[in-house]
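> Got a structure for you, structure.pdb, holding PDB, C-alpha atoms.
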ATOM      1  CA  MET C   1     -48.022 205.666-271.226
ATOM      2  CA  ALA C   2     -48.456 202.139-269.875
ATOM      3  CA  LEU C   3     -51.936 200.907-269.004
ATOM      4  CA  VAL C   4     -52.671 200.197-265.336
ATOM      5  CA  SER C   5     -54.389 197.007-264.200
ATOM      6  CA  GLU C   6     -57.563 198.790-263.039
ATOM      7  CA  ASP C   7     -58.069 200.344-266.475
ATOM      8  CA  ILE C   8     -57.396 197.033-268.185
ATOM      9  CA  ALA C   9     -59.825 195.220-265.877
ATOM     10  CA  ARG C  10     -62.584 197.728-266.697
ATOM     11  CA  HIS C  11     -62.001 197.656-270.440
ATOM     12  CA  PRO C  12     -65.189 196.578-272.269
ATOM     13  CA  ALA C  13     -63.243 194.414-274.732
ATOM     14  CA  LEU C  14     -61.047 192.632-272.170
ATOM     15  CA  ARG C  15     -63.101 189.439-272.052
ATOM     16  CA  ARG C  16     -63.027 188.854-275.792
ATOM     17  CA  HIS C  17     -59.355 189.662-276.237
ATOM     18  CA  VAL C  18     -58.255 187.579-273.250
ATOM     19  CA  GLN C  19     -60.241 184.684-274.697
ATOM     20  CA  ALA C  20     -58.241 185.055-277.929
ATOM     21  CA  GLN C  21     -55.041 185.223-275.882
ATOM     22  CA  SER C  22     -55.974 182.031-274.007
ATOM     23  CA  ARG C  23     -56.564 180.227-277.278
ATOM     24  CA  THR C  24     -53.162 181.356-278.561
ATOM     25  CA  LEU C  25     -51.484 180.019-275.411
ATOM     26  CA  LEU C  26     -53.339 176.724-275.813
ATOM     27  CA  GLN C  27     -51.971 176.442-279.360
ATOM     28  CA  THR C  28     -48.486 176.980-277.943
ATOM     29  CA  TYR C  29     -49.138 174.171-275.467
ATOM     30  CA  GLU C  30     -50.300 171.838-278.239
ATOM     31  CA  ALA C  31     -47.175 172.586-280.293
ATOM     32  CA  ASN C  32     -44.784 171.770-277.421
ATOM     33  CA  PRO C  33     -46.600 170.500-274.301
ATOM     34  CA  ARG C  34     -43.477 169.807-272.256
ATOM     35  CA  LEU C  35     -41.934 173.237-272.796
ATOM     36  CA  ALA C  36     -45.234 175.113-272.461
ATOM     37  CA  SER C  37     -45.928 173.316-269.179
ATOM     38  CA  VAL C  38     -42.941 175.147-267.670
ATOM     39  CA  PHE C  39     -45.110 178.283-267.761
ATOM     40  CA  ALA C  40     -48.243 176.521-266.544
ATOM     41  CA  THR C  41     -47.740 176.401-262.768
ATOM     42  CA  GLN C  42     -47.007 179.348-260.509
ATOM     43  CA  GLN C  43     -43.744 178.066-259.053
ATOM     44  CA  ARG C  44     -42.221 176.831-262.323
ATOM     45  CA  TRP C  45     -43.381 179.971-264.147
ATOM     46  CA  LEU C  46     -41.554 182.195-261.661
ATOM     47  CA  MET C  47     -38.460 179.980-261.650
ATOM     48  CA  ALA C  48     -38.334 180.146-265.442
ATOM     49  CA  HIS C  49     -38.580 183.934-265.389
ATOM     50  CA  ILE C  50     -35.775 184.158-262.815
ATOM     51  CA  GLY C  51     -33.530 181.941-264.940
ATOM     52  CA  LEU C  52     -34.236 183.903-268.105
ATOM     53  CA  ALA C  53     -33.590 187.216-266.350
ATOM     54  CA  LEU C  54     -30.226 185.966-265.095
ATOM     55  CA  TYR C  55     -29.305 184.971-268.630
ATOM     56  CA  PHE C  56     -30.417 188.239-270.236
ATOM     57  CA  ASN C  57     -28.736 190.345-267.537
ATOM     58  CA  ARG C  58     -25.410 188.538-267.984
ATOM     59  CA  GLU C  59     -22.165 190.414-268.473
ATOM     60  CA  PRO C  60     -20.501 189.368-271.757
ATOM     61  CA  ASP C  61     -17.024 189.473-270.255
ATOM     62  CA  ASP C  62     -17.891 187.619-267.046
ATOM     63  CA  HIS C  63     -20.022 184.505-267.531
ATOM     64  CA  ARG C  64     -20.051 183.924-263.782
ATOM     65  CA  LYS C  65     -22.612 186.742-263.667
ATOM     66  CA  GLY C  66     -25.048 185.038-266.018
ATOM     67  CA  LEU C  67     -27.221 181.961-265.549
ATOM     68  CA  THR C  68     -25.296 179.591-263.286
ATOM     69  CA  SER C  69     -26.535 176.996-260.818
ATOM     70  CA  ALA C  70     -25.358 178.989-257.803
ATOM     71  CA  ARG C  71     -26.867 182.298-258.925
ATOM     72  CA  PHE C  72     -30.122 180.633-259.953
ATOM     73  CA  MET C  73     -30.584 178.907-256.598
ATOM     74  CA  ASP C  74     -29.608 182.064-254.714
ATOM     75  CA  ASP C  75     -32.232 184.117-256.583
ATOM     76  CA  ILE C  76     -34.916 181.446-256.149
ATOM     77  CA  CYS C  77     -34.335 181.451-252.387
ATOM     78  CA  ARG C  78     -34.016 185.250-252.154
ATOM     79  CA  HIS C  79     -37.446 185.639-253.744
ATOM     80  CA  SER C  80     -38.899 182.746-251.684
ATOM     81  CA  VAL C  81     -40.102 180.958-254.804
ATOM     82  CA  ALA C  82     -38.862 177.458-253.931
ATOM     83  CA  SER C  83     -36.275 175.531-251.952
ATOM     84  CA  ARG C  84     -32.724 174.998-253.191
ATOM     85  CA  ASN C  85     -33.493 171.338-253.858
ATOM     86  CA  THR C  86     -36.517 172.243-255.957
ATOM     87  CA  ALA C  87     -34.537 174.876-257.860
ATOM     88  CA  ASP C  88     -31.703 172.405-258.495
ATOM     89  CA  ALA C  89     -34.144 169.739-259.725
ATOM     90  CA  PHE C  90     -35.844 172.279-262.015
ATOM     91  CA  LEU C  91     -32.531 173.335-263.560
ATOM     92  CA  LYS C  92     -31.530 169.701-264.141
ATOM     93  CA  GLU C  93     -34.920 169.005-265.741
ATOM     94  CA  MET C  94     -34.513 171.983-268.100
ATOM     95  CA  LEU C  95     -31.063 170.686-269.069
ATOM     96  CA  HIS C  96     -32.292 167.106-269.527
ATOM     97  CA  TYR C  97     -35.066 168.127-271.923
ATOM     98  CA  GLY C  98     -32.874 170.485-273.898
ATOM     99  CA  PHE C  99     -34.566 173.721-272.852
ATOM    100  CA  ILE C 100     -31.209 175.055-271.670
ATOM    101  CA  ARG C 101     -27.650 173.957-272.428
ATOM    102  CA  HIS C 102     -24.179 174.539-271.073
ATOM    103  CA  LEU C 103     -22.208 177.303-272.725
ATOM    104  CA  PRO C 104     -19.062 175.929-274.409
ATOM    105  CA  ILE C 105     -16.854 177.647-271.841
ATOM    106  CA  LYS C 106     -15.770 177.163-268.246
ATOM    107  CA  CYS C 107     -15.099 179.736-265.546
ATOM    108  CA  GLY C 108     -13.114 177.627-263.127
ATOM    109  CA  ARG C 109     -15.584 175.039-261.854
ATOM    110  CA  ILE C 110     -18.563 177.115-263.000
ATOM    111  CA  ARG C 111     -20.411 176.016-266.127
ATOM    112  CA  PRO C 112     -22.918 178.716-267.161
ATOM    113  CA  PHE C 113     -26.141 177.904-269.031
ATOM    114  CA  GLU C 114     -28.037 179.493-271.871
ATOM    115  CA  PRO C 115     -31.603 178.909-273.182
ATOM    116  CA  THR C 116     -31.820 177.030-276.456
ATOM    117  CA  ALA C 117     -33.250 178.638-279.582
ATOM    118  CA  GLY C 118     -36.548 176.776-279.206
ATOM    119  CA  THR C 119     -36.946 178.035-275.654
ATOM    120  CA  LEU C 120     -36.322 181.646-276.655
ATOM    121  CA  GLU C 121     -38.767 181.284-279.533
ATOM    122  CA  THR C 122     -41.479 180.029-277.153
ATOM    123  CA  VAL C 123     -40.806 182.847-274.673
ATOM    124  CA  ALA C 124     -40.992 185.392-277.497
ATOM    125  CA  GLY C 125     -44.316 183.866-278.551
ATOM    126  CA  TRP C 126     -45.615 184.213-274.973
ATOM    127  CA  VAL C 127     -44.621 187.890-274.951
ATOM    128  CA  MET C 128     -46.156 188.492-278.378
ATOM    129  CA  ALA C 129     -49.484 186.969-277.326
ATOM    130  CA  HIS C 130     -49.733 189.475-274.475
ATOM    131  CA  LEU C 131     -48.538 192.448-276.536
ATOM    132  CA  ARG C 132     -51.184 191.584-279.115
ATOM    133  CA  THR C 133     -53.820 191.682-276.372
ATOM    134  CA  LEU C 134     -52.567 195.057-275.142
ATOM    135  CA  ASP C 135     -52.630 196.446-278.682
ATOM    136  CA  SER C 136     -56.185 195.180-279.107
ATOM    137  CA  LEU C 137     -57.318 196.819-275.875
ATOM    138  CA  ASP C 138     -56.236 200.294-276.863
ATOM    139  CA  SER C 139     -57.312 199.976-280.495
ATOM    140  CA  LEU C 140     -60.672 201.502-279.574
ATOM    141  CA  ASP C 141     -59.105 204.545-277.928
ATOM    142  CA  SER C 142     -55.888 205.258-279.801
ATOM    143  CA  LEU C 143     -54.878 206.076-283.354
ATOM    144  CA  ASP C 144     -51.479 204.592-282.522
ATOM    145  CA  SER C 145     -52.792 201.110-281.818
ATOM    146  CA  GLY C 146     -50.759 198.049-282.673
ATOM    147  CA  PHE C 147     -47.389 199.651-282.019
ATOM    148  CA  ARG C 148     -46.236 197.272-279.265
ATOM    149  CA  LEU C 149     -46.227 194.061-281.250
ATOM    150  CA  ALA C 150     -44.818 195.783-284.338
ATOM    151  CA  ALA C 151     -42.022 197.355-282.277
ATOM    152  CA  PHE C 152     -41.198 194.035-280.604
ATOM    153  CA  VAL C 153     -41.020 192.179-283.925
ATOM    154  CA  ALA C 154     -38.919 194.947-285.475
ATOM    155  CA  GLN C 155     -36.338 194.854-282.661
ATOM    156  CA  PRO C 156     -34.964 191.326-282.186
ATOM    157  CA  ASP C 157     -32.982 192.418-279.130
ATOM    158  CA  MET C 158     -36.024 193.733-277.266
ATOM    159  CA  LEU C 159     -36.753 190.377-275.617
ATOM    160  CA  ALA C 160     -33.437 190.609-273.751
ATOM    161  CA  LYS C 161     -34.402 194.036-272.384
ATOM    162  CA  LEU C 162     -38.077 193.328-271.777
ATOM    163  CA  GLN C 163     -38.058 189.944-270.052
ATOM    164  CA  PRO C 164     -35.982 190.904-266.975
ATOM    165  CA  LEU C 165     -38.345 193.852-266.381
ATOM    166  CA  VAL C 166     -41.333 191.523-266.667
ATOM    167  CA  ALA C 167     -39.685 189.115-264.226
ATOM    168  CA  ASP C 168     -39.077 191.937-261.728
ATOM    169  CA  GLY C 169     -42.687 193.036-262.037
ATOM    170  CA  LEU C 170     -44.061 189.546-261.489
ATOM    171  CA  LEU C 171     -41.797 188.781-258.545
ATOM    172  CA  SER C 172     -42.551 192.078-256.796
ATOM    173  CA  SER C 173     -46.332 191.904-257.282
ATOM    174  CA  HIS C 174     -48.247 190.768-254.200
ATOM    175  CA  ALA C 175     -51.289 190.081-256.378
ATOM    176  CA  VAL C 176     -49.239 187.733-258.576
ATOM    177  CA  ARG C 177     -47.483 186.013-255.690
ATOM    178  CA  GLU C 178     -50.636 185.649-253.570
ATOM    179  CA  PRO C 179     -53.524 185.043-255.993
ATOM    180  CA  ARG C 180     -57.115 184.792-254.858
ATOM    181  CA  GLN C 181     -58.707 181.590-253.622
ATOM    182  CA  THR C 182     -59.756 179.570-256.663
ATOM    183  CA  PHE C 183     -57.027 180.933-258.906
ATOM    184  CA  SER C 184     -54.487 179.919-256.257
ATOM    185  CA  LEU C 185     -55.992 176.428-256.158
ATOM    186  CA  PHE C 186     -55.135 175.885-259.823
ATOM    187  CA  THR C 187     -51.753 177.650-259.871
ATOM    188  CA  TRP C 188     -50.270 174.782-257.828
ATOM    189  CA  LEU C 189     -51.764 172.065-260.050
ATOM    190  CA  ASP C 190     -49.539 170.556-262.756
ATOM    191  CA  ASN C 191     -50.455 172.510-265.895
ATOM    192  CA  GLY C 192     -52.901 174.500-263.752
ATOM    193  CA  GLY C 193     -52.486 177.610-265.863
ATOM    194  CA  ILE C 194     -53.401 175.597-268.952
ATOM    195  CA  VAL C 195     -56.436 174.180-267.094
ATOM    196  CA  MET C 196     -57.700 177.700-266.450
ATOM    197  CA  ASP C 197     -56.929 178.845-270.008
ATOM    198  CA  TRP C 198     -58.858 175.845-271.331
ATOM    199  CA  LEU C 199     -61.848 176.552-269.099
ATOM    200  CA  MET C 200     -61.958 180.251-269.880
ATOM    201  CA  SER C 201     -61.294 179.890-273.607
ATOM    202  CA  GLY C 202     -64.611 178.060-273.875
ATOM    203  CA  VAL C 203     -66.601 180.815-272.182
ATOM    204  CA  ASP C 204     -68.767 182.980-274.427
ATOM    205  CA  PRO C 205     -67.907 186.554-273.345
ATOM    206  CA  ASP C 206     -71.555 187.485-273.850
ATOM    207  CA  HIS C 207     -72.470 185.018-271.071
ATOM    208  CA  ALA C 208     -69.836 186.268-268.630
ATOM    209  CA  ASP C 209     -72.352 188.205-266.538
ATOM    210  CA  LEU C 210     -74.231 185.042-265.578
ATOM    211  CA  ASP C 211     -73.797 183.642-262.070
ATOM    212  CA  ARG C 212     -72.930 180.263-263.590
ATOM    213  CA  ILE C 213     -71.063 180.673-266.859
ATOM    214  CA  PRO C 214     -71.021 177.666-269.244
ATOM    215  CA  THR C 215     -67.644 176.468-270.540
ATOM    216  CA  GLY C 216     -66.841 174.107-273.396
ATOM    217  CA  VAL C 217     -65.828 171.251-271.072
ATOM    218  CA  VAL C 218     -68.008 168.141-270.821
ATOM    219  CA  SER C 219     -65.737 165.128-270.281
ATOM    220  CA  ILE C 220     -63.163 165.198-267.481
ATOM    221  CA  GLY C 221     -61.417 162.235-269.100
ATOM    222  CA  ASP C 222     -60.976 164.004-272.445
ATOM    223  CA  PHE C 223     -59.909 167.137-270.574
ATOM    224  CA  ALA C 224     -57.278 165.215-268.587
ATOM    225  CA  ASN C 225     -55.985 163.334-271.635
ATOM    226  CA  TRP C 226     -55.497 166.521-273.638
ATOM    227  CA  LEU C 227     -53.637 168.105-270.715
ATOM    228  CA  LYS C 228     -51.489 164.992-270.121
ATOM    229  CA  LEU C 229     -52.737 165.004-266.527
ATOM    230  CA  SER C 230     -53.820 162.236-264.210
ATOM    231  CA  ARG C 231     -57.616 162.093-264.330
ATOM    232  CA  THR C 232     -57.647 161.307-260.604
ATOM    233  CA  HIS C 233     -55.478 164.321-259.773
ATOM    234  CA  LEU C 234     -57.493 166.666-261.991
ATOM    235  CA  SER C 235     -60.794 165.347-260.601
ATOM    236  CA  ARG C 236     -59.557 165.979-257.058
ATOM    237  CA  LYS C 237     -58.711 169.596-257.860
ATOM    238  CA  LEU C 238     -62.011 170.094-259.641
ATOM    239  CA  ARG C 239     -63.836 168.732-256.592
ATOM    240  CA  ASP C 240     -61.942 171.216-254.414
ATOM    241  CA  ALA C 241     -63.039 174.017-256.730
ATOM    242  CA  GLU C 242     -66.571 172.635-256.727
ATOM    243  CA  GLU C 243     -66.656 172.734-252.927
ATOM    244  CA  LEU C 244     -65.700 176.407-253.114
ATOM    245  CA  GLY C 245     -68.652 177.000-255.434
ATOM    246  CA  SER C 246     -66.293 177.995-258.235
ATOM    247  CA  ILE C 247     -67.254 175.298-260.762
ATOM    248  CA  GLY C 248     -70.068 172.846-261.297
ATOM    249  CA  TRP C 249     -72.078 171.038-263.951
ATOM    250  CA  LEU C 250     -75.283 172.109-265.632
ATOM    251  CA  GLY C 251     -76.569 168.527-265.390
ATOM    252  CA  GLN C 252     -75.075 165.247-264.206
ATOM    253  CA  ARG C 253     -71.590 165.682-262.790
ATOM    254  CA  GLY C 254     -68.953 164.738-265.358
ATOM    255  CA  HIS C 255     -71.549 164.134-268.075
ATOM    256  CA  SER C 256     -72.764 167.642-268.836
ATOM    257  CA  VAL C 257     -71.307 171.049-269.557
ATOM    258  CA  MET C 258     -69.113 172.450-266.783
ATOM    259  CA  TRP C 259     -69.743 175.974-265.553
ATOM    260  CA  VAL C 260     -67.491 178.430-263.754
ATOM    261  CA  SER C 261     -68.791 180.924-261.230
ATOM    262  CA  SER C 262     -68.825 184.621-261.987
ATOM    263  CA  GLU C 263     -66.403 185.084-259.049
ATOM    264  CA  PHE C 264     -63.883 182.592-260.479
ATOM    265  CA  TYR C 265     -64.191 184.145-263.926
ATOM    266  CA  GLN C 266     -63.533 187.562-262.444
ATOM    267  CA  GLU C 267     -60.512 186.224-260.520
ATOM    268  CA  TYR C 268     -59.085 184.987-263.814
ATOM    269  CA  MET C 269     -59.753 188.274-265.597
ATOM    270  CA  THR C 270     -58.257 190.283-262.737
ATOM    271  CA  ALA C 271     -55.126 188.103-262.811
ATOM    272  CA  GLN C 272     -54.827 188.636-266.565
ATOM    273  CA  ALA C 273     -55.226 192.405-266.134
ATOM    274  CA  ILE C 274     -52.456 192.482-263.519
ATOM    275  CA  LYS C 275     -50.117 190.423-265.722
ATOM    276  CA  LEU C 276     -50.876 192.561-268.788
ATOM    277  CA  ALA C 277     -50.196 195.758-266.819
ATOM    278  CA  ILE C 278     -46.816 194.386-265.680
ATOM    279  CA  ILE C 279     -45.882 193.498-269.263
ATOM    280  CA  ASP C 280     -47.064 196.875-270.552
ATOM    281  CA  ALA C 281     -45.070 198.743-267.894
ATOM    282  CA  ALA C 282     -41.973 196.736-268.856
ATOM    283  CA  PHE C 283     -42.568 197.499-272.538
ATOM    284  CA  ASP C 284     -43.041 201.214-271.813
ATOM    285  CA  ASN C 285     -39.789 201.201-269.839
ATOM    286  CA  CYS C 286     -37.972 199.611-272.801
ATOM    287  CA  VAL C 287     -39.346 202.232-275.215
ATOM    288  CA  VAL C 288     -38.462 205.157-272.943
ATOM    289  CA  THR C 289     -34.943 203.771-272.417
ATOM    290  CA  SER C 290     -34.435 203.282-276.161
ATOM    291  CA  GLN C 291     -35.592 206.830-276.917
ATOM    292  CA  ALA C 292     -33.311 208.263-274.227
ATOM    293  CA  SER C 293     -30.292 206.507-275.703
TER
END
I need this file expressed as structure tokens, please.


Amino acid sequence: MALVSEDIARHPALRRHVQAQSRTLLQTYEANPRLASVFATQQRWLMAHIGLALYFNREPDDHRKGLTSARFMDDICRHSVASRNTADAFLKEMLHYGFIRHLPIKCGRIRPFEPTAGTLETVAGWVMAHLRTLDSLDSLDSLDSGFRLAAFVAQPDMLAKLQPLVADGLLSSHAVREPRQTFSLFTWLDNGGIVMDWLMSGVDPDHADLDRIPTGVVSIGDFANWLKLSRTHLSRKLRDAEELGSIGWLGQRGHSVMWVSSEFYQEYMTAQAIKLAIIDAAFDNCVVTSQAS
């Protein structure tokens, strides 16, 4: 049975395992910053999931019902994720950088797309990082721990079944679409998801009950350089978060260790619990469907 977000959020080991998950996602970013950045802002993350779901839900005998420009833009607008112009620009960017490519066929004037092997490998890695976290969370309570990741690795076709269910869960979740105050502030920043993963990966879980929780960040410049972000843009967002009381410095601003508030930390953990529950529900659905067939 799939875990629900409330149970995940209350799990005593969540902090430590989410920290490990954040570090895994940061390694993915380091390996391919441009591709990983697609999953690092709310809007682009959702657009990517919509595109992947269209591809995986395609009909082999009718490529017009796969990932095409028209269907992609229609779905983006139907889910109120972005404008048609933004969706069109995103698709062209993905094509330009080789994250998708045209299929070697034509359906009239329609030229369908498919993700490249590197893109699918990165998406599979993203899924595996979260399945590993879910396995770790129930390892204390279940003799059958570790089955999700093992099942995913053993069934190469599971990604095609799992990802559209994950996309549906994300798109239909009010908590995902309308995150809380500070979390929302960063979801619209370029690489904002990576910013939060970086901040939270440096938090000692044993210190997470403090009002002001130390992170591993000292230099904004080094932080911005690693993220390939404008220091000015990042500093502006950090000031916005500082005005909300969500971050600050233990000493001189920009020259001492940054802290995050307990409220911001909890927002992040709650968001992770919601995402993990959506992925677990999708996985459970895949397993039940496979057993039924």

> Can you pull out every residue within 12 Å of Val38 of chain C, counting only C-alpha atoms, but drop anything in the same chain fewer than 4 positions away, and send it as a PyMOL selection string?

chain C and resi 28-29+32-34+42-49+51+90-91+93-94+97+99+119+122-123+126+190-194

> Could you expand the PyMOL selection byres ((chain C and resi 284) around 12) into the explicit residues it covers here, written as a PyMOL selection string?

chain C and resi 1-4+131+134+147-148+151-152+158+161-162+165-166+277-283+285-291

> Could you tell me how far atom CA of Ala271 of chain C sits from atom CA of Ala208 of chain C, in Å to one decimal place?

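Atom-to-atom, atom CA of Ala208 of chain C and atom CA of Ala271 of chain C are spaced 15.9 Å apart.
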
> Rank C:Val260, C:Cys77, C:Val195, C:Ala13 by their smallest atom-to-atom distance to Leu244 of chain C, using only C-alpha atoms, and report the top residue only.

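Smallest separation from Leu244 of chain C among the options: C:Val260.
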
> Give me, please, the distance in Å between atom CA of Val127 of chain C and atom CA of Asp157 of chain C, quoted to one decimal.

13.2 Å

> Tell me which protein, DNA and RNA residues are within 7 Å of segment 251-259 of chain C, counting only C-alpha atoms, leaving out same-chain ones fewer than 4 positions away, and put them as number ranges by chain.

C: 212-220, 247

> Pick the closest to Asp168 of chain C from C:Glu30, C:Glu114, C:Asp75, C:Asp61: which is it, counting all atoms listed in the file?

C:Asp75

> Missing atoms in segment 82-111 of chain C: fill them in up to N, CA and C atoms and send the result as a compact mmCIF listing (two decimals), in the coordinates of the input.


# COMPACT_ATOMS: atom_id res chain seq x y z
N ALA C 82 -38.97 178.90 -254.15
CA ALA C 82 -38.86 177.46 -253.93
C ALA C 82 -37.62 177.19 -253.09
N SER C 83 -37.47 175.93 -252.70
CA SER C 83 -36.28 175.53 -251.95
C SER C 83 -35.10 175.35 -252.92
N ARG C 84 -33.90 175.25 -252.36
CA ARG C 84 -32.72 175.00 -253.19
C ARG C 84 -32.83 173.65 -253.91
N ASN C 85 -33.36 172.66 -253.23
CA ASN C 85 -33.49 171.34 -253.86
C ASN C 85 -34.45 171.39 -255.04
N THR C 86 -35.54 172.11 -254.87
CA THR C 86 -36.52 172.24 -255.96
C THR C 86 -35.91 173.01 -257.12
N ALA C 87 -35.19 174.08 -256.81
CA ALA C 87 -34.54 174.88 -257.86
C ALA C 87 -33.50 174.05 -258.61
N ASP C 88 -32.72 173.25 -257.88
CA ASP C 88 -31.70 172.40 -258.50
C ASP C 88 -32.35 171.36 -259.40
N ALA C 89 -33.44 170.75 -258.92
CA ALA C 89 -34.14 169.74 -259.73
C ALA C 89 -34.74 170.36 -260.98
N PHE C 90 -35.27 171.58 -260.86
CA PHE C 90 -35.84 172.28 -262.02
C PHE C 90 -34.77 172.55 -263.07
N LEU C 91 -33.61 173.03 -262.63
CA LEU C 91 -32.53 173.34 -263.56
C LEU C 91 -32.06 172.06 -264.28
N LYS C 92 -31.95 170.97 -263.53
CA LYS C 92 -31.53 169.70 -264.14
C LYS C 92 -32.57 169.19 -265.13
N GLU C 93 -33.85 169.41 -264.81
CA GLU C 93 -34.92 169.00 -265.74
C GLU C 93 -34.83 169.81 -267.03
N MET C 94 -34.62 171.12 -266.91
CA MET C 94 -34.51 171.98 -268.10
C MET C 94 -33.33 171.56 -268.98
N LEU C 95 -32.24 171.15 -268.33
CA LEU C 95 -31.06 170.69 -269.07
C LEU C 95 -31.34 169.34 -269.74
N HIS C 96 -32.00 168.44 -269.01
CA HIS C 96 -32.29 167.11 -269.53
C HIS C 96 -33.15 167.16 -270.78
N TYR C 97 -34.15 168.05 -270.78
CA TYR C 97 -35.07 168.13 -271.92
C TYR C 97 -34.61 169.10 -273.00
N GLY C 98 -33.42 169.64 -272.85
CA GLY C 98 -32.87 170.48 -273.90
C GLY C 98 -33.46 171.87 -273.97
N PHE C 99 -34.03 172.36 -272.87
CA PHE C 99 -34.57 173.72 -272.85
C PHE C 99 -33.47 174.74 -272.54
N ILE C 100 -32.42 174.27 -271.87
CA ILE C 100 -31.21 175.06 -271.67
C ILE C 100 -30.03 174.16 -272.01
N ARG C 101 -28.85 174.75 -272.17
CA ARG C 101 -27.65 173.96 -272.43
C ARG C 101 -26.46 174.68 -271.80
N HIS C 102 -25.39 173.93 -271.59
CA HIS C 102 -24.18 174.54 -271.07
C HIS C 102 -23.51 175.38 -272.18
N LEU C 103 -23.03 176.53 -271.80
CA LEU C 103 -22.21 177.30 -272.73
C LEU C 103 -20.88 176.56 -272.94
N PRO C 104 -20.31 176.67 -274.12
CA PRO C 104 -19.06 175.93 -274.41
C PRO C 104 -17.83 176.59 -273.79
N ILE C 105 -17.97 177.02 -272.55
CA ILE C 105 -16.85 177.65 -271.84
C ILE C 105 -16.91 177.20 -270.39
N LYS C 106 -15.82 177.42 -269.68
CA LYS C 106 -15.77 177.16 -268.25
C LYS C 106 -15.14 178.35 -267.55
N CYS C 107 -15.68 178.69 -266.39
CA CYS C 107 -15.10 179.74 -265.55
C CYS C 107 -14.68 179.05 -264.26
N GLY C 108 -13.51 178.45 -264.26
CA GLY C 108 -13.11 177.63 -263.13
C GLY C 108 -13.99 176.39 -263.10
N ARG C 109 -14.67 176.19 -261.97
CA ARG C 109 -15.58 175.04 -261.85
C ARG C 109 -17.00 175.40 -262.28
N ILE C 110 -17.22 176.65 -262.64
CA ILE C 110 -18.56 177.12 -263.00
C ILE C 110 -18.83 176.84 -264.47
N ARG C 111 -19.99 176.26 -264.75
CA ARG C 111 -20.41 176.02 -266.13
C ARG C 111 -21.73 176.76 -266.35
